[in-house]
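Colleague: Data file model-v5.csv (CSV, C-alpha atoms and all ligand atoms) is appended below.
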```csv
chain,number,residue,atom,x,y,z
Z,53,MET,CA,9.4,-6.0,-21.4
Z,54,LYS,CA,11.6,-6.9,-18.5
Z,55,ILE,CA,10.3,-5.8,-15.0
Z,56,LEU,CA,12.5,-5.7,-11.9
Z,57,LEU,CA,10.2,-6.2,-9.0
Z,58,THR,CA,11.2,-5.8,-5.3
Z,59,GLY,CA,9.4,-7.0,-2.2
Z,60,SER,CA,7.7,-10.0,-3.8
Z,61,SER,CA,7.5,-11.6,-0.3
Z,62,GLY,CA,5.4,-8.7,0.9
Z,63,GLN,CA,1.7,-8.1,0.5
Z,64,VAL,CA,1.7,-5.9,-2.6
Z,65,GLY,CA,4.8,-7.4,-4.2
Z,66,HIS,CA,3.3,-10.9,-3.9
Z,67,ALA,CA,0.0,-9.8,-5.5
Z,68,LEU,CA,2.0,-8.1,-8.3
Z,69,LEU,CA,3.6,-11.4,-9.2
Z,70,THR,CA,0.2,-12.5,-10.3
Z,71,SER,CA,-1.1,-9.3,-11.7
Z,72,LEU,CA,2.0,-8.6,-13.8
Z,73,ALA,CA,2.1,-12.1,-15.3
Z,74,GLY,CA,1.6,-11.7,-19.1
Z,75,LEU,CA,3.0,-8.2,-19.1
Z,76,GLY,CA,6.6,-9.3,-19.5
Z,77,GLU,CA,9.5,-11.1,-17.8
Z,78,ILE,CA,9.5,-10.5,-14.1
Z,79,ILE,CA,12.8,-10.5,-12.2
Z,80,ALA,CA,12.0,-10.6,-8.5
Z,81,PRO,CA,15.0,-10.9,-6.2
Z,82,GLN,CA,14.5,-11.9,-2.6
Z,83,ARG,CA,16.2,-10.1,0.3
Z,84,SER,CA,18.9,-12.8,0.3
Z,85,GLN,CA,19.7,-11.9,-3.3
Z,86,LEU,CA,19.3,-8.1,-3.0
Z,87,ASP,CA,19.4,-6.4,0.4
Z,88,LEU,CA,17.9,-3.0,-0.1
Z,89,SER,CA,19.9,-1.5,2.7
Z,90,ASP,CA,22.9,-1.7,0.3
Z,91,SER,CA,22.6,1.0,-2.3
Z,92,ALA,CA,25.7,-0.3,-4.2
Z,93,ALA,CA,24.0,-3.7,-4.5
Z,94,ILE,CA,20.9,-2.0,-5.9
Z,95,GLU,CA,23.0,-0.2,-8.6
Z,96,GLU,CA,24.7,-3.5,-9.4
Z,97,CYS,CA,21.4,-5.4,-9.6
Z,98,VAL,CA,19.8,-2.9,-11.9
Z,99,ARG,CA,22.8,-2.7,-14.2
Z,100,ALA,CA,23.1,-6.5,-14.4
Z,101,THR,CA,19.4,-7.1,-15.1
Z,102,ARG,CA,18.8,-4.1,-17.4
Z,103,PRO,CA,15.1,-3.9,-16.8
Z,104,ASP,CA,12.7,-1.8,-18.9
Z,105,LEU,CA,10.7,-0.9,-15.7
Z,106,ILE,CA,11.4,-1.0,-12.0
Z,107,ILE,CA,8.5,-1.6,-9.6
Z,108,ASN,CA,9.4,-1.0,-5.9
Z,109,PRO,CA,6.8,-2.1,-3.4
Z,110,ALA,CA,9.5,-3.2,-0.9
Z,111,ALA,CA,9.6,-1.1,2.2
Z,112,TYR,CA,10.4,-1.0,5.9
Z,113,THR,CA,6.8,-1.2,7.1
Z,114,ALA,CA,7.3,-1.8,10.9
Z,115,VAL,CA,5.7,1.5,11.9
Z,116,ASP,CA,6.4,1.1,15.7
Z,117,LEU,CA,9.9,-0.4,15.4
Z,118,ALA,CA,10.9,2.4,13.0
Z,119,GLU,CA,10.8,4.8,16.0
Z,120,ASP,CA,13.9,2.9,17.3
Z,121,GLU,CA,15.4,1.9,14.0
Z,122,VAL,CA,15.5,5.3,12.3
Z,123,ALA,CA,18.6,4.6,10.2
Z,124,VAL,CA,17.3,1.2,8.9
Z,125,ALA,CA,13.9,2.7,8.0
Z,126,HIS,CA,15.5,5.6,6.1
Z,127,ALA,CA,18.0,3.2,4.4
Z,128,ILE,CA,15.2,1.1,2.9
Z,129,ASN,CA,12.4,3.7,2.5
Z,130,ALA,CA,14.5,6.7,1.3
Z,131,GLN,CA,18.0,5.7,0.3
Z,132,ALA,CA,17.0,2.5,-1.6
Z,133,ALA,CA,14.2,4.4,-3.3
Z,134,LYS,CA,16.8,7.0,-4.3
Z,135,ALA,CA,19.2,4.3,-5.5
Z,136,PHE,CA,16.5,2.9,-7.8
Z,137,ALA,CA,15.5,6.3,-9.0
Z,138,ASP,CA,19.1,7.2,-9.8
Z,139,GLN,CA,19.5,4.0,-11.9
Z,140,ALA,CA,16.1,4.7,-13.6
Z,141,HIS,CA,17.3,8.1,-14.5
Z,142,THR,CA,20.7,6.9,-15.7
Z,143,LEU,CA,19.2,4.1,-17.8
Z,144,ASN,CA,16.2,6.2,-18.9
Z,145,ILE,CA,13.6,3.7,-17.6
Z,146,PRO,CA,10.6,4.4,-15.4
Z,147,LEU,CA,10.1,3.6,-11.8
Z,148,ILE,CA,6.8,2.8,-10.1
Z,149,HIS,CA,7.1,3.2,-6.3
Z,150,TYR,CA,4.6,3.0,-3.5
Z,151,SER,CA,4.1,5.4,-0.6
Z,152,THR,CA,1.7,5.9,2.3
Z,153,ASP,CA,-1.0,8.0,4.0
Z,154,TYR,CA,1.5,8.3,6.9
Z,155,VAL,CA,3.2,11.2,5.0
Z,156,PHE,CA,0.4,13.4,6.4
Z,157,ASP,CA,-0.2,14.5,10.0
Z,158,GLY,CA,-3.8,13.3,9.9
Z,159,GLU,CA,-5.4,16.6,10.9
Z,160,LYS,CA,-6.9,17.8,7.7
Z,161,ARG,CA,-10.5,19.1,8.1
Z,162,ASP,CA,-13.0,20.9,5.9
Z,163,ASP,CA,-14.7,24.2,6.7
Z,164,GLN,CA,-17.2,22.4,9.0
Z,165,GLY,CA,-14.4,20.9,11.0
Z,166,ASN,CA,-14.9,17.4,9.7
Z,167,PHE,CA,-12.0,15.2,8.5
Z,168,CYS,CA,-11.7,15.4,4.7
Z,169,PRO,CA,-9.5,13.6,2.2
Z,170,TYR,CA,-6.0,14.7,1.5
Z,171,GLU,CA,-5.1,15.7,-2.1
Z,172,GLU,CA,-1.8,14.7,-3.6
Z,173,SER,CA,-0.6,18.3,-3.5
Z,174,ASP,CA,-1.4,18.8,0.2
Z,175,ASP,CA,1.5,19.6,2.5
Z,176,CYS,CA,3.2,16.6,4.0
Z,177,ALA,CA,4.0,16.6,7.8
Z,178,PRO,CA,4.7,13.0,9.0
Z,179,ILE,CA,4.2,12.4,12.7
Z,180,GLY,CA,6.5,9.4,12.9
Z,181,VAL,CA,9.7,7.9,11.6
Z,182,TYR,CA,8.1,5.5,9.1
Z,183,GLY,CA,6.1,8.4,7.5
Z,184,ALA,CA,9.1,10.6,7.5
Z,185,SER,CA,11.2,8.0,5.8
Z,186,LYS,CA,8.6,7.3,3.2
Z,187,ARG,CA,8.2,11.0,2.5
Z,188,ALA,CA,12.0,11.3,2.2
Z,189,GLY,CA,11.8,8.5,-0.4
Z,190,GLU,CA,9.1,10.4,-2.4
Z,191,LEU,CA,11.3,13.6,-2.4
Z,192,ALA,CA,14.4,11.7,-3.3
Z,193,ILE,CA,12.7,10.0,-6.3
Z,194,MET,CA,11.3,13.3,-7.6
Z,195,ALA,CA,14.6,15.0,-7.2
Z,196,THR,CA,16.4,12.6,-9.5
Z,197,GLY,CA,14.3,13.6,-12.5
Z,198,CYS,CA,13.6,10.0,-13.5
Z,199,ARG,CA,10.3,9.0,-15.0
Z,200,HIS,CA,8.2,7.9,-12.0
Z,201,LEU,CA,4.9,7.2,-10.5
Z,202,ILE,CA,4.5,7.2,-6.8
Z,203,LEU,CA,1.3,5.4,-5.8
Z,204,ARG,CA,0.3,6.4,-2.2
Z,205,THR,CA,-1.9,3.8,-0.5
Z,206,SER,CA,-3.3,3.1,3.0
Z,207,TRP,CA,-4.3,0.4,5.4
Z,208,VAL,CA,-3.1,-2.5,3.1
Z,209,TYR,CA,-4.5,-6.0,3.7
Z,210,SER,CA,-4.4,-9.3,1.9
Z,211,ASP,CA,-4.8,-13.0,2.5
Z,212,PHE,CA,-1.0,-13.1,2.5
Z,213,GLY,CA,1.6,-11.6,4.8
Z,214,LYS,CA,1.1,-9.6,8.0
Z,215,ASN,CA,-1.9,-7.3,8.2
Z,216,PHE,CA,-4.9,-6.1,10.2
Z,217,MET,CA,-7.4,-8.4,8.5
Z,218,LEU,CA,-5.5,-11.6,9.2
Z,219,THR,CA,-4.8,-10.4,12.7
Z,220,MET,CA,-8.5,-9.8,13.3
Z,221,LEU,CA,-9.4,-13.3,11.9
Z,222,ARG,CA,-6.9,-14.9,14.1
Z,223,LEU,CA,-7.9,-13.0,17.3
Z,224,GLY,CA,-11.6,-13.2,16.5
Z,225,ALA,CA,-11.5,-17.0,16.3
Z,226,ASP,CA,-10.3,-17.2,20.0
Z,227,ARG,CA,-12.0,-14.2,21.7
Z,228,ASP,CA,-15.6,-13.2,22.5
Z,229,GLN,CA,-14.8,-9.5,22.5
Z,230,LEU,CA,-12.2,-7.3,20.9
Z,231,LYS,CA,-11.4,-3.6,21.5
Z,232,VAL,CA,-10.5,-1.8,18.3
Z,233,VAL,CA,-9.6,1.9,17.8
Z,234,LYS,CA,-12.5,4.0,16.6
Z,235,ASP,CA,-10.9,7.5,16.1
Z,236,GLN,CA,-8.5,6.8,13.2
Z,237,TRP,CA,-10.2,7.1,9.8
Z,238,GLY,CA,-8.9,5.8,6.5
Z,239,ALA,CA,-9.5,3.5,3.6
Z,240,PRO,CA,-8.6,-0.2,3.9
Z,241,THR,CA,-6.9,-1.2,0.6
Z,242,SER,CA,-6.6,-4.6,-0.8
Z,243,ALA,CA,-3.1,-5.6,-2.0
Z,244,LEU,CA,-4.8,-7.5,-4.9
Z,245,TRP,CA,-6.6,-4.4,-6.0
Z,246,ILE,CA,-3.4,-2.3,-5.8
Z,247,ALA,CA,-1.6,-4.9,-7.9
Z,248,ASP,CA,-4.4,-5.1,-10.5
Z,249,LYS,CA,-4.6,-1.3,-10.9
Z,250,THR,CA,-0.8,-1.1,-11.2
Z,251,ALA,CA,-1.0,-3.6,-14.0
Z,252,GLU,CA,-3.8,-1.6,-15.6
Z,253,ILE,CA,-1.7,1.5,-15.5
Z,254,ILE,CA,1.3,-0.3,-17.1
Z,255,ARG,CA,-1.0,-1.5,-19.9
Z,256,GLN,CA,-2.0,2.1,-20.5
Z,257,ILE,CA,1.7,3.0,-20.7
Z,258,GLN,CA,2.4,0.2,-23.1
Z,259,SER,CA,-0.4,1.2,-25.4
Z,260,ALA,CA,0.5,4.9,-25.4
Z,261,ASP,CA,1.5,6.3,-28.8
Z,262,SER,CA,4.2,8.4,-27.3
Z,263,LYS,CA,5.8,7.2,-24.1
Z,264,GLN,CA,7.5,10.5,-23.6
Z,265,ASP,CA,4.1,12.4,-23.8
Z,266,TRP,CA,2.5,9.8,-21.5
Z,267,TRP,CA,5.1,10.3,-18.8
Z,268,GLN,CA,4.9,14.1,-19.2
Z,269,GLN,CA,1.2,14.0,-18.6
Z,270,HIS,CA,1.0,11.3,-15.8
Z,271,GLN,CA,4.2,11.5,-13.8
Z,272,GLY,CA,4.1,12.2,-10.1
Z,273,ILE,CA,2.2,11.2,-7.0
Z,274,VAL,CA,-1.2,9.5,-7.3
Z,275,HIS,CA,-3.4,8.2,-4.5
Z,276,LEU,CA,-4.4,4.6,-4.9
Z,277,THR,CA,-7.1,3.7,-2.4
Z,278,PRO,CA,-10.8,3.0,-2.3
Z,279,ALA,CA,-13.0,6.0,-2.5
Z,280,ASN,CA,-14.8,5.8,0.8
Z,281,SER,CA,-13.4,5.3,4.3
Z,282,THR,CA,-14.1,3.9,7.8
Z,283,ASN,CA,-12.3,3.6,11.1
Z,284,TRP,CA,-10.5,0.5,12.4
Z,285,GLN,CA,-13.6,-0.6,14.4
Z,286,GLY,CA,-15.7,-0.4,11.3
Z,287,PHE,CA,-13.1,-2.3,9.3
Z,288,ALA,CA,-12.9,-5.1,12.0
Z,289,GLN,CA,-16.7,-5.4,12.2
Z,290,ALA,CA,-17.0,-5.7,8.4
Z,291,ILE,CA,-14.2,-8.4,8.4
Z,292,PHE,CA,-16.1,-10.4,11.0
Z,293,ASP,CA,-19.5,-9.9,9.3
Z,294,ALA,CA,-18.2,-11.0,5.9
Z,295,ALA,CA,-16.0,-13.8,7.2
Z,296,PHE,CA,-18.9,-15.2,9.3
Z,297,GLU,CA,-21.2,-15.0,6.3
Z,298,LEU,CA,-18.7,-16.9,4.1
Z,299,LYS,CA,-18.2,-19.5,6.9
Z,300,LEU,CA,-14.6,-18.6,7.4
Z,301,MET,CA,-15.5,-18.1,11.1
Z,302,THR,CA,-17.9,-20.1,13.2
Z,303,LYS,CA,-18.7,-17.3,15.5
Z,304,LYS,CA,-18.3,-13.5,15.6
Z,305,PRO,CA,-16.7,-11.6,18.5
Z,306,GLU,CA,-18.2,-8.4,19.8
Z,307,VAL,CA,-16.2,-5.4,18.6
Z,308,LEU,CA,-15.9,-2.5,21.0
Z,309,GLY,CA,-14.7,0.9,19.8
Z,310,ILE,CA,-12.0,2.6,21.9
Z,311,PRO,CA,-10.1,5.9,21.5
Z,312,SER,CA,-6.5,5.7,20.4
Z,313,ASN,CA,-5.2,6.7,23.8
Z,314,GLU,CA,-6.6,3.5,25.2
Z,315,TYR,CA,-4.4,1.5,22.8
Z,316,PRO,CA,-1.0,3.2,23.1
Z,317,THR,CA,1.6,2.4,20.5
Z,318,ARG,CA,5.3,3.3,20.1
Z,319,ALA,CA,4.5,5.4,17.0
Z,320,LYS,CA,1.7,7.9,16.8
Z,321,ARG,CA,-0.8,7.2,14.0
Z,322,PRO,CA,-2.6,9.9,12.0
Z,323,HIS,CA,-6.3,10.3,12.9
Z,324,ASN,CA,-7.2,11.2,9.3
Z,325,SER,CA,-5.7,9.0,6.7
Z,326,MET,CA,-8.3,9.6,4.0
Z,327,LEU,CA,-6.8,10.2,0.5
Z,328,SER,CA,-8.7,11.8,-2.4
Z,329,THR,CA,-8.9,9.5,-5.5
Z,330,GLU,CA,-10.0,12.2,-7.9
Z,331,ARG,CA,-6.6,12.3,-9.6
Z,332,LEU,CA,-6.7,8.5,-10.0
Z,333,LYS,CA,-9.9,8.9,-12.0
Z,334,LYS,CA,-8.8,11.9,-13.9
Z,335,LEU,CA,-5.4,10.6,-15.0
Z,336,PHE,CA,-6.1,6.9,-15.5
Z,337,GLY,CA,-9.9,6.7,-15.7
Z,338,ILE,CA,-9.8,4.3,-12.7
Z,339,ASP,CA,-12.9,4.3,-10.5
Z,340,ALA,CA,-11.9,3.6,-6.9
Z,341,PRO,CA,-14.1,0.9,-5.5
Z,342,LYS,CA,-15.9,0.9,-2.1
Z,343,TRP,CA,-13.6,-0.6,0.5
Z,344,GLU,CA,-16.4,-3.0,1.5
Z,345,ASP,CA,-16.5,-4.5,-2.0
Z,346,SER,CA,-12.7,-5.1,-2.1
Z,347,LEU,CA,-12.9,-6.7,1.3
Z,348,GLN,CA,-15.7,-9.0,0.2
Z,349,HIS,CA,-13.6,-10.0,-2.9
Z,350,CYS,CA,-10.5,-10.7,-0.8
Z,351,LEU,CA,-12.4,-12.9,1.7
Z,352,GLN,CA,-14.2,-14.7,-1.1
Z,353,GLN,CA,-10.8,-15.5,-2.6
Z,354,MET,CA,-9.7,-16.9,0.8
Z,355,LYS,CA,-12.8,-19.0,0.9
Z,356,ASN,CA,-12.2,-20.3,-2.6
Z,357,LYS,CA,-8.6,-21.3,-1.8
Z,358,GLN,CA,-9.9,-23.0,1.3
Z,359,LEU,CA,-12.4,-25.0,-0.7
Z,360,THR,CA,-9.8,-25.9,-3.3
Z,361,LYS,CA,-7.5,-27.2,-0.6
Z,362,GLU,CA,-10.3,-29.2,1.0
Z,363,LEU,CA,-11.1,-30.8,-2.4
Z,364,ALA,CA,-7.5,-31.6,-3.1
Z,401,LIG,N1,1.1,-2.3,4.8
Z,401,LIG,C1,0.4,-1.1,4.9
Z,401,LIG,O1,-0.6,-1.0,5.6
Z,401,LIG,C2,0.8,0.0,4.0
Z,401,LIG,C3,0.0,1.2,4.1
Z,401,LIG,C4,0.3,2.3,3.3
Z,401,LIG,C5,1.3,2.2,2.4
Z,401,LIG,N2,2.1,1.0,2.3
Z,401,LIG,C6,3.2,0.9,1.3
Z,401,LIG,O2,2.8,0.0,0.4
Z,401,LIG,C7,4.0,-0.7,-0.1
Z,401,LIG,C8,3.8,-2.2,0.0
Z,401,LIG,O3,3.6,-2.5,1.4
Z,401,LIG,P1,3.4,-4.0,1.9
Z,401,LIG,O4,2.3,-4.0,2.9
Z,401,LIG,O5,3.3,-4.9,0.7
Z,401,LIG,O6,4.7,-4.3,2.7
Z,401,LIG,P2,5.1,-5.7,3.4
Z,401,LIG,O7,4.1,-6.7,3.3
Z,401,LIG,O8,5.6,-5.3,4.8
Z,401,LIG,O9,6.4,-6.2,2.5
Z,401,LIG,C9,7.6,-5.5,2.5
Z,401,LIG,C10,8.5,-6.1,1.6
Z,401,LIG,O10,9.8,-5.4,1.6
Z,401,LIG,C11,10.8,-6.3,1.7
Z,401,LIG,N3,12.0,-5.7,2.4
Z,401,LIG,C12,12.0,-5.0,3.5
Z,401,LIG,N4,13.3,-4.7,3.9
Z,401,LIG,C13,14.1,-5.3,2.9
Z,401,LIG,C14,15.5,-5.3,2.6
Z,401,LIG,N5,16.3,-4.7,3.5
Z,401,LIG,N6,15.9,-5.9,1.5
Z,401,LIG,C15,15.1,-6.5,0.7
Z,401,LIG,N7,13.7,-6.5,0.9
Z,401,LIG,C16,13.2,-5.9,1.9
Z,401,LIG,C17,10.2,-7.4,2.6
Z,401,LIG,O11,11.0,-8.6,2.4
Z,401,LIG,P3,11.1,-9.7,3.6
Z,401,LIG,O12,10.0,-10.6,3.4
Z,401,LIG,O13,12.4,-10.4,3.4
Z,401,LIG,O14,11.1,-9.0,4.9
Z,401,LIG,C18,8.9,-7.6,1.9
Z,401,LIG,O15,8.9,-8.3,0.7
Z,401,LIG,C19,5.2,-0.1,0.7
Z,401,LIG,O16,5.7,0.9,0.0
Z,401,LIG,C20,4.5,0.5,1.9
Z,401,LIG,O17,5.2,1.5,2.5
Z,401,LIG,C21,1.8,-0.1,3.1
```
Mind turning this structure into structure tokens?

Modeller:
Amino acid sequence: MKILLTGSSGQVGHALLTSLAGLGEIIAPQRSQLDLSDSAAIEECVRATRPDLIINPAAYTAVDLAEDEVAVAHAINAQAAKAFADQAHTLNIPLIHYSTDYVFDGEKRDDQGNFCPYEESDDCAPIGVYGASKRAGELAIMATGCRHLILRTSWVYSDFGKNFMLTMLRLGADRDQLKVVKDQWGAPTSALWIADKTAEIIRQIQSADSKQDWWQQHQGIVHLTPANSTNWQGFAQAIFDAAFELKLMTKKPEVLGIPSNEYPTRAKRPHNSMLSTERLKKLFGIDAPKWEDSLQHCLQQMKNKQLTKELA
């Protein structure tokens, strides 16, 4: 199997390079080889490489900058997604794409007035440009009629790239106290876990008796996050506790929770980013982990790499 993989310099794409190894030949063009803001180049690339599967974790992920770069965000998150889907449809190959909790407005509550997880079928109402561009990408893919999976995830972190966990470790090393937002709720999701579960799903496709039946039964949007949730303050505290325990830090800063309005950002963030993982279990038999366990695993891997470097 030949897999065309985008975004391999990003968190999820980078992790996919490892998780997909053994599943087939991976063709992973960098931005310099394939600029996703150029739909014609995407068409040319897919036609030239003739993949059996396209995986598209590349995205414009600068949530605040997107408010000022609307056209670029839409070009990469919506038009490029459509260009891949058009090619997937024409060549009759599947597309695995990633999307975000930011497609929702973050106001979903249960009958008691408490935040509760969004289902895949809940109405989308993005409150910022990034979320709107990602939702436009979802709709564009579905409209082409190609075989597709759209894996919605949230609060992605990894020991690679730019993310909240690495930012906290960097800031926490220098400061005695950090103020972190406490009124936005969601599930921190490890890029390693996203990549491993994507590979697991691809293995399920490969071993299906009828690919056509498989796609008929599984196609669509699926949430791919841990099962439980926290707020950013809780996530920061857990990062420091685990990193300190693993001796990745020599001291722990104090973490103070603040409301979002004390940390103004260019783009508004949803207060409730919790995504239901019931469909993930039902369709693929995948048990979403606790976010704390994935975090521990990620930090342990960081520690192992550090030890390996020290020994080298
Ligand atoms: N990060 C999160 O917290 C989060 C949360 C929810 C959902 N998601 C979704 O999860 C998926 C993976 O996100 P991630 O965190 O892995 O993203 P990331 O680390 O920001 O990586 C984005 C990737 O896209 C590439 N890219 C961006 N613009 C490009 C262009 N014009 N041409 C070619 N490549 C381009 C980047 O290449 P360069 O290195 O050249 O810039 C990079 O490889 C995305 O669909 C994202 O929307 C992410």

Colleague: Could you pull out the residues sitting within 9 Å of ligand LIG 401 (chain Z), using only C-alpha atoms and all ligand atoms, and write them as a short mmCIF file (atom, residue, chain, number, x, y, z; two decimals) with C-alpha atoms, in the coordinates of the input?

Modeller:
```cif
data_model
loop_
_atom_site.label_atom_id
_atom_site.label_comp_id
_atom_site.auth_asym_id
_atom_site.auth_seq_id
_atom_site.Cartn_x
_atom_site.Cartn_y
_atom_site.Cartn_z
CA THR Z 58 11.20 -5.80 -5.30
CA GLY Z 59 9.40 -7.00 -2.20
CA SER Z 60 7.70 -10.00 -3.80
CA SER Z 61 7.50 -11.60 -0.30
CA GLY Z 62 5.40 -8.70 0.90
CA GLN Z 63 1.70 -8.10 0.50
CA VAL Z 64 1.70 -5.90 -2.60
CA GLY Z 65 4.80 -7.40 -4.20
CA HIS Z 66 3.30 -10.90 -3.90
CA ALA Z 67 0.00 -9.80 -5.50
CA PRO Z 81 15.00 -10.90 -6.20
CA GLN Z 82 14.50 -11.90 -2.60
CA ARG Z 83 16.20 -10.10 0.30
CA SER Z 84 18.90 -12.80 0.30
CA GLN Z 85 19.70 -11.90 -3.30
CA LEU Z 86 19.30 -8.10 -3.00
CA ASP Z 87 19.40 -6.40 0.40
CA LEU Z 88 17.90 -3.00 -0.10
CA SER Z 89 19.90 -1.50 2.70
CA ASP Z 90 22.90 -1.70 0.30
CA ASN Z 108 9.40 -1.00 -5.90
CA PRO Z 109 6.80 -2.10 -3.40
CA ALA Z 110 9.50 -3.20 -0.90
CA ALA Z 111 9.60 -1.10 2.20
CA TYR Z 112 10.40 -1.00 5.90
CA THR Z 113 6.80 -1.20 7.10
CA ALA Z 114 7.30 -1.80 10.90
CA VAL Z 124 17.30 1.20 8.90
CA ALA Z 125 13.90 2.70 8.00
CA ALA Z 127 18.00 3.20 4.40
CA ILE Z 128 15.20 1.10 2.90
CA ASN Z 129 12.40 3.70 2.50
CA ALA Z 132 17.00 2.50 -1.60
CA HIS Z 149 7.10 3.20 -6.30
CA TYR Z 150 4.60 3.00 -3.50
CA SER Z 151 4.10 5.40 -0.60
CA THR Z 152 1.70 5.90 2.30
CA ASP Z 153 -1.00 8.00 4.00
CA TYR Z 154 1.50 8.30 6.90
CA TYR Z 182 8.10 5.50 9.10
CA GLY Z 183 6.10 8.40 7.50
CA LYS Z 186 8.60 7.30 3.20
CA LEU Z 203 1.30 5.40 -5.80
CA ARG Z 204 0.30 6.40 -2.20
CA THR Z 205 -1.90 3.80 -0.50
CA SER Z 206 -3.30 3.10 3.00
CA TRP Z 207 -4.30 0.40 5.40
CA VAL Z 208 -3.10 -2.50 3.10
CA TYR Z 209 -4.50 -6.00 3.70
CA SER Z 210 -4.40 -9.30 1.90
CA PHE Z 212 -1.00 -13.10 2.50
CA GLY Z 213 1.60 -11.60 4.80
CA LYS Z 214 1.10 -9.60 8.00
CA ASN Z 215 -1.90 -7.30 8.20
CA PHE Z 216 -4.90 -6.10 10.20
CA PRO Z 240 -8.60 -0.20 3.90
CA THR Z 241 -6.90 -1.20 0.60
CA ALA Z 243 -3.10 -5.60 -2.00
#
```

Colleague: Please provide as JSON, numbers by chain all residues within 12 Å of Lys231 (chain Z), with the sequence filter that same-chain residues fewer than 5 positions apart are discarded (counting all atoms listed in the file).

Modeller: {"Z": [220, 223, 224, 284, 285, 286, 288, 289, 305, 306, 307, 308, 309, 310, 311, 312, 314, 315]}

Colleague: Ranking Z:Leu244, Z:His275, Z:Leu117, Z:Ala133 by minimum distance to Phe336 (chain Z) and counting only C-alpha atoms, which one comes first?

Modeller: Z:His275

Colleague: Do a neighbour search on Lys299 (chain Z) at 12 Å with only C-alpha atoms, toss out local chain neighbours closer than 4 positions, and write the hits as a short mmCIF file (atom, residue, chain, number, x, y, z; two decimals) with C-alpha atoms, in the frame of the given file.

Modeller:
```
data_model
loop_
_atom_site.label_atom_id
_atom_site.label_comp_id
_atom_site.auth_asym_id
_atom_site.auth_seq_id
_atom_site.Cartn_x
_atom_site.Cartn_y
_atom_site.Cartn_z
CA LEU Z 221 -9.40 -13.30 11.90
CA ALA Z 225 -11.50 -17.00 16.30
CA ILE Z 291 -14.20 -8.40 8.40
CA PHE Z 292 -16.10 -10.40 11.00
CA ASP Z 293 -19.50 -9.90 9.30
CA ALA Z 294 -18.20 -11.00 5.90
CA ALA Z 295 -16.00 -13.80 7.20
CA LYS Z 303 -18.70 -17.30 15.50
CA LYS Z 304 -18.30 -13.50 15.60
CA LEU Z 351 -12.40 -12.90 1.70
CA GLN Z 352 -14.20 -14.70 -1.10
CA MET Z 354 -9.70 -16.90 0.80
CA LYS Z 355 -12.80 -19.00 0.90
CA ASN Z 356 -12.20 -20.30 -2.60
CA GLN Z 358 -9.90 -23.00 1.30
CA LEU Z 359 -12.40 -25.00 -0.70
#
```

Colleague: As an exercise, work out the distance from CA of Glu96 (chain Z) to CA of Thr250 (chain Z) in Å and give it to one decimal place.

Modeller: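 Interatomic distance, CA of Glu96 (chain Z) to CA of Thr250 (chain Z): 25.7 Å.
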
Colleague: Considering only C-alpha atoms, return as a list in words whatever protein or nucleic-acid residues lie within 8 Å of Ala251 (chain Z), sequence-local ones (same chain, fewer than 2 positions apart) excluded.

Modeller: Leu68, Ser71, Leu72, Leu75, Ala247, Asp248, Lys249, Ile253, Ile254 and Arg255 of chain Z

Colleague: Region 321-326 of chain Z: which residues within 7 Å, counting only C-alpha atoms, same-chain residues fewer than 6 positions away excluded, as number ranges by chain?

Modeller: Z: 153-154, 157-160, 167-170, 235-239, 281

Colleague: From the set Z:Ser173, Z:Thr70, Z:Asn144, Z:Gln139, which residue has the shortest atom-to-atom contact distance to Gly272 (chain Z), counting all atoms listed in the file?

Modeller: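 Result for the nearest residue to Gly272 (chain Z): Z:Ser173.
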
Colleague: For a test of reading the model, state the distance in Å between CA of Thr282 (chain Z) and CA of Glu330 (chain Z), rounded to one decimal.

Modeller: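 Atom-to-atom, CA of Thr282 (chain Z) to CA of Glu330 (chain Z), that is 18.2 Å.
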
Colleague: Could you check how far CA of His141 (chain Z) sits from CA of Lys333 (chain Z), in Å to one decimal?

Modeller: 27.3 Å
